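Chemist: Got a structure for you, written out below as structure tokens; questions coming shortly.
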Amino acid sequence: MTLFNLHHGDSLTFLRSLPTASVDAIITDPPYSSGGTHSTARTTRTTREKYVVNHTQARTDLHDFSGDNRDQRSWILWCTLWLTECMRVAKPGAPVVMFTDWRQLPSTTDALQAAGAVWRGIFPWCKPAGRPGGAGRFRNATEFAVWGSNGEMPAREDVGYLPGYHIESIRRSDKHHITGKPTELMRVLVKACPPGGVVLDPFAGSGTTGVAAVLEGRRFIGSEQDATNIDISLRRLREAASQREEHAA
């Protein structure tokens with residue numbers, strides 16, 4: 001298998017094409033269908049009304065993405081569908097890590113368990129300059145990686161103990177998707193996969209999970225339905241592969 005393999009198309013169709021028990025870890029950042037207090041806010045454009053705090057400083061080169069307007073019940077059902085396929089594709093004991101925000105946190109843990117995973121914890125990502133909630137309100141400065149495993153999860157002496165949280169700012173130079181996660185954050189998370197193992201991300205976005213996997217000595221397979229994101233991901237994955245080869249030389 002090459003260092004990375006990226007599929008252009010629907011995630012559920014892609015997952016159903018993969019062999020059973022063929023990947024070592026699932027690490028993904030699906031659409032939250034969140035970003036608003038009321039249902040009308042959750043169905044607005046992702047680049048403006050939902051996920052951009054300061055419009056005067058917004059990245060004009062980042063575009064909207066689809067699949068982010070489900071209501072809570074349909075979102076849970078949808079997540080259960082693709083997570084069930086992830087459990088089939090995962091090897092026994094493989095970790096599964098799925099990002100969410102505070103609004104969808106209870107639904108995310110429900111969907112993970114409904115799909116058959118053993119829920120094992122929550123990994124907070126703390127953003128020092130999180131979204132302000134207004135005077136007298138707590139700042140929304142955290143997103144969460146809910147994680148579990150495909151059945152029993154044996155201890156791994158090759159990596160030792162992994163951290164229980166991560167503090168990382170969002171850098172403009174590292175922002176390739178409107179809801180993209182920092183590369184350094186993802187480099188921490190992919191260490192849940194054994195060295196040389198295969199990390200699967202069915203919602204690749206701008207490819208940050210894959211970039212982190214390649215840089216950390218793992219392999220990557222993923223899918224993404226947006227053609228623009230495919231181009232961005234392939235460019236970044238090739239750059240990461242070149243860095244890995246240079247480091248190994």
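All residue names refer to the structure tokens as shown: chains lettered A, B, ... in order, residues numbered from 1 in each chain, ligands numbered from 1 in order.
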Quick one: residues within 12 Å of Thr84 (chain A), only C-alpha atoms counted, chain neighbours fewer than 6 positions away excluded, as a ChimeraX atom specification?
Modeler: /A:12,15-16,20,26,76-78,90,96,111-117,150
Chemist: Filtering to C-alpha atoms, could you give me those residues as a PDB file, in the first residue's frame?
Modeler:
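Okay, this is what ended up in selection_11.pdb:
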```pdb
ATOM      1  CA  LEU A  12     -20.721   5.869   3.020  1.00  0.00           C
ATOM      2  CA  LEU A  15     -16.720   2.762   3.435  1.00  0.00           C
ATOM      3  CA  ARG A  16     -18.891  -0.039   2.069  1.00  0.00           C
ATOM      4  CA  THR A  20     -13.590  -5.979   6.767  1.00  0.00           C
ATOM      5  CA  ILE A  26     -10.386   5.713  12.444  1.00  0.00           C
ATOM      6  CA  ILE A  76     -27.570  10.738  14.942  1.00  0.00           C
ATOM      7  CA  LEU A  77     -29.038   8.243  12.470  1.00  0.00           C
ATOM      8  CA  TRP A  78     -26.599   9.327   9.758  1.00  0.00           C
ATOM      9  CA  ALA A  90     -11.725  -1.529  11.826  1.00  0.00           C
ATOM     10  CA  VAL A  96     -12.077   5.345  16.671  1.00  0.00           C
ATOM     11  CA  ALA A 111     -24.020   7.424  17.896  1.00  0.00           C
ATOM     12  CA  LEU A 112     -20.604   5.959  18.705  1.00  0.00           C
ATOM     13  CA  GLN A 113     -22.113   3.403  21.063  1.00  0.00           C
ATOM     14  CA  ALA A 114     -25.094   2.682  18.789  1.00  0.00           C
ATOM     15  CA  ALA A 115     -22.592   1.715  16.080  1.00  0.00           C
ATOM     16  CA  GLY A 116     -21.057  -0.883  18.392  1.00  0.00           C
ATOM     17  CA  ALA A 117     -17.930   0.903  19.624  1.00  0.00           C
ATOM     18  CA  ASN A 150     -13.680  -1.733  18.308  1.00  0.00           C
TER      19      ASN A 150
END
```
Chemist: Excluding same-chain residues fewer than 5 positions from Ala240 (chain A), what lies within 7 Å of it counting only C-alpha atoms, as a list in words?
Modeler: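 Once the nearby chain positions are removed, what remains is Val211, Val214 and Leu215 of chain A.
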Chemist: Generate a file of the selected residues that holds N, CA and C atoms, formatted as a short mmCIF file (atom, residue, chain, number, x, y, z; two decimals), in the first residue's frame.
Modeler:
```cif
data_model
loop_
_atom_site.label_atom_id
_atom_site.label_comp_id
_atom_site.auth_asym_id
_atom_site.auth_seq_id
_atom_site.Cartn_x
_atom_site.Cartn_y
_atom_site.Cartn_z
N VAL A 211 -2.29 14.17 6.39
CA VAL A 211 -0.99 14.81 6.52
C VAL A 211 -0.33 14.42 7.83
N VAL A 214 0.81 10.67 7.73
CA VAL A 214 2.02 10.47 6.93
C VAL A 214 3.26 11.00 7.67
N LEU A 215 3.15 12.18 8.25
CA LEU A 215 4.28 12.76 8.97
C LEU A 215 4.67 11.94 10.19
#
```
Chemist: Name all residues at most 7 Å from region 226-231 of chain A (count only C-alpha atoms; drop same-chain ones fewer than 4 positions away) and give them as a PyMOL selection string.
Modeler: chain A and resi 8+205-206+235
Chemist: Give me, as a list of chain:residue names, all polymer residues having an atom no more than 9 Å from Gly9 (chain A), counting only C-alpha atoms and skipping those fewer than 2 positions away in the same chain.
Modeler: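 Skipping anything fewer than 2 positions along the chain leaves A:His7, A:Ser11, A:Leu12, A:Thr13, A:Phe14, A:Ser223, A:Glu224, A:Gln225, A:Asp226, A:Ala227.
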Chemist: Would you list, as an NGL selection string, the residues of region 9-214 of chain A that end up in helix (DSSP H, G or I) under DSSP run on this structure's backbone?
Modeler: :A and (11-16 or 39-42 or 46-50 or 55-57 or 72-89 or 105-114 or 172-174 or 183-192 or 208-214)
Chemist: Can you list, as a list in words, every protein, DNA or RNA residue that comes within 7 Å of Val199 (chain A) when you count only C-alpha atoms, leaving out same-chain residues fewer than 5 positions away?
Modeler: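 Near Val199 (chain A), the qualifying residues are Val23, Asp24, Ala25, Ile26, Ile27, Cys193, Ala213, Arg218, Arg219, Phe220 and Ile221 of chain A.
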Chemist: What separation in Å, quoted to one decimal, exists between CA of Leu3 (chain A) and CA of Arg156 (chain A)?
Modeler: 22.6 Å
